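Q: Here you go, one structure.
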Amino acid sequence: MSKSDAPFFVGYLNIPKGLKGFLLKVSLLLFFGFTAGALLAGATQDDPGQAGFRFDFGRQTVEGVIQAKPYPLLHVTKGNERIEIGETLMLTGQGKSGAMASIAALEGTVIEATGILLNRGELRMLQLLGGNRGFKSLETDGPVPASESLGTWRLQGEICDGKCLAGAMQPGRGLAHKACANLCLIGDIPPVFVSSQPIDGEEYFLVGSVEGGSLSAAAYDYVGNFVEIEAALERQGDLMVLKLDPKRIKVIR
């Protein structure tokens with residue numbers, strides 16, 4: 001074939017017969033190549049597990065004692081078939097808003113709480129219904145369980161916002177989750193540390209400050225990274241709580 005007879009592609013004309021076979025092969029190669037690349041990339045990611053809003057359970061109404069720090073917690077005193085007496089539930093509001101503004105003033109009192117459960121493994125959170133439908137004070141006081149010190153631990157894992165991690169979004173962890181997670185933390189949604197090394201069978205830990213309050217905003221830069229931390233660990237009810245100083249956080253990757 002002379003140079004003058006060689007097929008030449010022009011975008012606004014039909015594909016020359018001599019190029020159709022070549023273009024088909026290239027197209028198939030690209031299709032299967034990108035498909036294989038996507039599958040391999042997905043296989044290297046951590047499995048986020050099954051999690052989400054448990055709408056199949058319906059609305060849950062329980063009674064319990066409010067603990068406002070480090071984040072709103074409900075120590076259940078009257079449960080139901082889904083939530084047992086003695087369970088400690090993290091509380092959150094709608095969207096990217098926590099329950100701090102509504103609940104803080106009820107520290108040490110008994111309330112009736114109504115909402116939807118979020119669940120990932122042993123991590124459970126109750127999203128309160130909006131407005132006055134989410135809770136009501138029963139105008140009685142109740143004992144907040146005493147905290148039990150479990151010493152200081154050095155752990156590796158990730159800091160995430162508890163709501164997305166519990167299933168409000170998928171996968172709820174990793175670098176892609178960082179911006180969304182920080183917006184949730186700014187809105188006072190409880191942060192959770194996901195540990196690579198379980199303690200007493202627990203791998204999810206609520207995170208607060210060393211003073212016992214909310215997590216310092218200085219720690220937000222580390223959200224979504226794989227980090228090493230050194231923090232005091234306490235048991236509050238049946239929930240593990242880390243008291244974390246941002247200066248004790250080191251990025252691993």
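Chain labels follow the order of the structure tokens: the first chain is A, the next B, and so on; residue numbering restarts at 1 in every chain, and ligands are counted from 1 in their shown order.
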With a distance cut-off of 7 Å and only C-alpha atoms, select the neighbouring residues of region 153-164 of chain A, excluding the residue or stretch itself and same-chain residues fewer than 6 positions from it, and output the selection as a ChimeraX atom specification.
A: /A:172-173,181,184-185,189-196,223-233
Q: If you keep C-alpha atoms, can you produce a file of those selected residues as a tab-separated table (two decimals), in the first residue's frame?
A:
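Saved the output as out39.tsv:
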chain	number	residue	atom	x	y	z
A	172	GLY	CA	-17.68	6.61	56.43
A	173	ARG	CA	-13.89	6.52	56.69
A	181	ALA	CA	-16.40	14.49	58.59
A	184	CYS	CA	-20.02	17.05	61.06
A	185	LEU	CA	-17.52	17.58	63.89
A	189	ILE	CA	-21.55	15.36	66.06
A	190	PRO	CA	-19.55	12.93	68.25
A	191	PRO	CA	-16.14	11.92	66.86
A	192	VAL	CA	-15.13	8.27	66.99
A	193	PHE	CA	-11.67	6.72	66.85
A	194	VAL	CA	-11.54	3.48	64.83
A	195	SER	CA	-8.69	1.45	66.29
A	196	SER	CA	-6.68	-1.13	64.38
A	223	VAL	CA	-9.41	13.39	60.67
A	224	GLY	CA	-9.43	10.73	57.95
A	225	ASN	CA	-5.68	10.05	58.18
A	226	PHE	CA	-4.18	6.87	59.57
A	227	VAL	CA	-2.65	8.12	62.83
A	228	GLU	CA	-1.00	7.01	66.02
A	229	ILE	CA	-2.36	8.50	69.22
A	230	GLU	CA	-1.57	8.34	72.91
A	231	ALA	CA	-4.58	8.98	75.13
A	232	ALA	CA	-6.21	8.13	78.45
A	233	LEU	CA	-9.03	5.61	78.10
Q: Extract the full set of helix (DSSP H, G or I) residues from region 69-190 of chain A according to DSSP on the backbone, and format it as a PyMOL selection string.
A: chain A and resi 100-106+131-133+162-168+175-186
Q: Determine which residues of region 134-227 of chain A receive a DSSP assignment of strand (DSSP E or B), computed from the backbone, and state them as a PyMOL selection string.
A: chain A and resi 135-141+148-161+191-199+202-208+227
Q: Measuring atom to atom with only C-alpha atoms, identify which of A:Leu106, A:Val76, A:Leu150, A:Ile111 is nearest to Lys136 (chain A).
A: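 Nearest candidate to Lys136 (chain A) out of A:Leu106, A:Val76, A:Leu150, A:Ile111: A:Ile111.
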Q: Counting only C-alpha atoms, what is within 6 Å of His75 (chain A), bar same-chain residues fewer than 2 positions away, as a ChimeraX atom specification?
A: /A:64-65,88
Q: Grab the residues selected above and save them as an mmCIF file, in the first residue's frame with C-alpha atoms.
A:
data_model
loop_
_atom_site.group_PDB
_atom_site.id
_atom_site.type_symbol
_atom_site.label_atom_id
_atom_site.label_comp_id
_atom_site.auth_asym_id
_atom_site.auth_seq_id
_atom_site.Cartn_x
_atom_site.Cartn_y
_atom_site.Cartn_z
ATOM 1 C CA GLY A 64 -32.462 7.228 80.119
ATOM 2 C CA VAL A 65 -30.156 9.566 81.980
ATOM 3 C CA THR A 88 -25.079 3.828 76.403
#
Q: For CA of Ala99 (chain A) and CA of Ile116 (chain A), determine how far apart the two atoms are, in Å to one decimal place.
A: 13.7 Å
Q: Determine, using only C-alpha atoms, which residues of region 163-228 of chain A have any atom at most 6 Å from an atom of region 242-251 of chain A, and tabulate each with its shortest atom pair and distance in Å to one decimal place, rows ordered by chain and then rising number, as a tab-separated table.
A:
residue	atom	partner	partner_atom	distance
A:Val207	CA	A:Leu242	CA	4.8
A:Gly208	CA	A:Lys243	CA	5.0
A:Ser209	CA	A:Lys243	CA	4.9
A:Val210	CA	A:Lys243	CA	4.5
A:Ala219	CA	A:Pro246	CA	5.1
A:Val227	CA	A:Val251	CA	4.3
A:Glu228	CA	A:Lys250	CA	5.1
Q: Those same residues, written as a short mmCIF file (atom, residue, chain, number, x, y, z; two decimals), in the first residue's frame with N, CA and C atoms?
A:
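Below is the file selection.cif, written as the result:
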data_model
loop_
_atom_site.label_atom_id
_atom_site.label_comp_id
_atom_site.auth_asym_id
_atom_site.auth_seq_id
_atom_site.Cartn_x
_atom_site.Cartn_y
_atom_site.Cartn_z
N VAL A 207 -14.40 10.05 71.27
CA VAL A 207 -13.21 10.86 71.53
C VAL A 207 -13.60 12.22 72.09
N GLY A 208 -12.98 12.60 73.21
CA GLY A 208 -13.16 13.93 73.79
C GLY A 208 -11.80 14.54 74.09
N SER A 209 -11.82 15.63 74.83
CA SER A 209 -10.57 16.31 75.20
C SER A 209 -10.03 15.77 76.50
N VAL A 210 -8.81 16.14 76.83
CA VAL A 210 -8.21 15.69 78.08
C VAL A 210 -8.93 16.29 79.28
N ALA A 219 -7.53 19.01 66.47
CA ALA A 219 -7.43 17.62 66.02
C ALA A 219 -8.10 17.39 64.68
N VAL A 227 -3.47 7.43 61.83
CA VAL A 227 -2.65 8.12 62.83
C VAL A 227 -2.31 7.20 63.99
N GLU A 228 -1.32 7.63 64.73
CA GLU A 228 -1.00 7.01 66.02
C GLU A 228 -1.30 8.03 67.09
#
Q: Please identify every residue of region 131-250 of chain A that has at least one atom no farther than 9 Å from an atom of region 123-127 of chain A, counting only C-alpha atoms, and for each give the shortest atom pair and the distance in Å to one decimal, arranged by chain then increasing number, as JSON lines.
A:
{"residue": "A:Gly134", "atom": "CA", "partner": "A:Gln127", "partner_atom": "CA", "distance": 8.4}
{"residue": "A:Gly162", "atom": "CA", "partner": "A:Met125", "partner_atom": "CA", "distance": 7.9}
{"residue": "A:Lys163", "atom": "CA", "partner": "A:Met125", "partner_atom": "CA", "distance": 7.2}
{"residue": "A:Leu165", "atom": "CA", "partner": "A:Leu123", "partner_atom": "CA", "distance": 8.6}
{"residue": "A:Ala166", "atom": "CA", "partner": "A:Leu123", "partner_atom": "CA", "distance": 6.3}
{"residue": "A:Glu203", "atom": "CA", "partner": "A:Leu123", "partner_atom": "CA", "distance": 8.9}
{"residue": "A:Tyr204", "atom": "CA", "partner": "A:Leu123", "partner_atom": "CA", "distance": 6.6}
{"residue": "A:Phe205", "atom": "CA", "partner": "A:Leu123", "partner_atom": "CA", "distance": 8.8}
Q: So that I have them on file, write out the residues from the current selection with N, CA and C atoms, as an mmCIF file, in the first residue's frame.
A:
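This is the output file out-v6.cif:
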data_model
loop_
_atom_site.group_PDB
_atom_site.id
_atom_site.type_symbol
_atom_site.label_atom_id
_atom_site.label_comp_id
_atom_site.auth_asym_id
_atom_site.auth_seq_id
_atom_site.Cartn_x
_atom_site.Cartn_y
_atom_site.Cartn_z
ATOM 1 N N GLY A 134 -38.127 14.866 69.393
ATOM 2 C CA GLY A 134 -36.994 13.998 69.645
ATOM 3 C C GLY A 134 -36.807 13.600 71.092
ATOM 4 N N GLY A 162 -18.754 10.187 64.093
ATOM 5 C CA GLY A 162 -19.484 8.979 64.458
ATOM 6 C C GLY A 162 -20.726 8.727 63.644
ATOM 7 N N LYS A 163 -21.357 9.778 63.158
ATOM 8 C CA LYS A 163 -22.628 9.590 62.448
ATOM 9 C C LYS A 163 -22.408 8.953 61.081
ATOM 10 N N LEU A 165 -19.748 7.366 60.131
ATOM 11 C CA LEU A 165 -19.138 6.067 60.373
ATOM 12 C C LEU A 165 -20.193 5.031 60.712
ATOM 13 N N ALA A 166 -21.217 5.428 61.479
ATOM 14 C CA ALA A 166 -22.275 4.504 61.874
ATOM 15 C C ALA A 166 -23.208 4.167 60.724
ATOM 16 N N GLU A 203 -13.487 -1.760 69.139
ATOM 17 C CA GLU A 203 -12.618 -1.058 68.188
ATOM 18 C C GLU A 203 -13.088 0.361 67.911
ATOM 19 N N TYR A 204 -14.259 0.757 68.431
ATOM 20 C CA TYR A 204 -14.794 2.105 68.246
ATOM 21 C C TYR A 204 -14.791 2.825 69.597
ATOM 22 N N PHE A 205 -14.160 4.012 69.630
ATOM 23 C CA PHE A 205 -14.054 4.759 70.874
ATOM 24 C C PHE A 205 -14.518 6.203 70.667
#
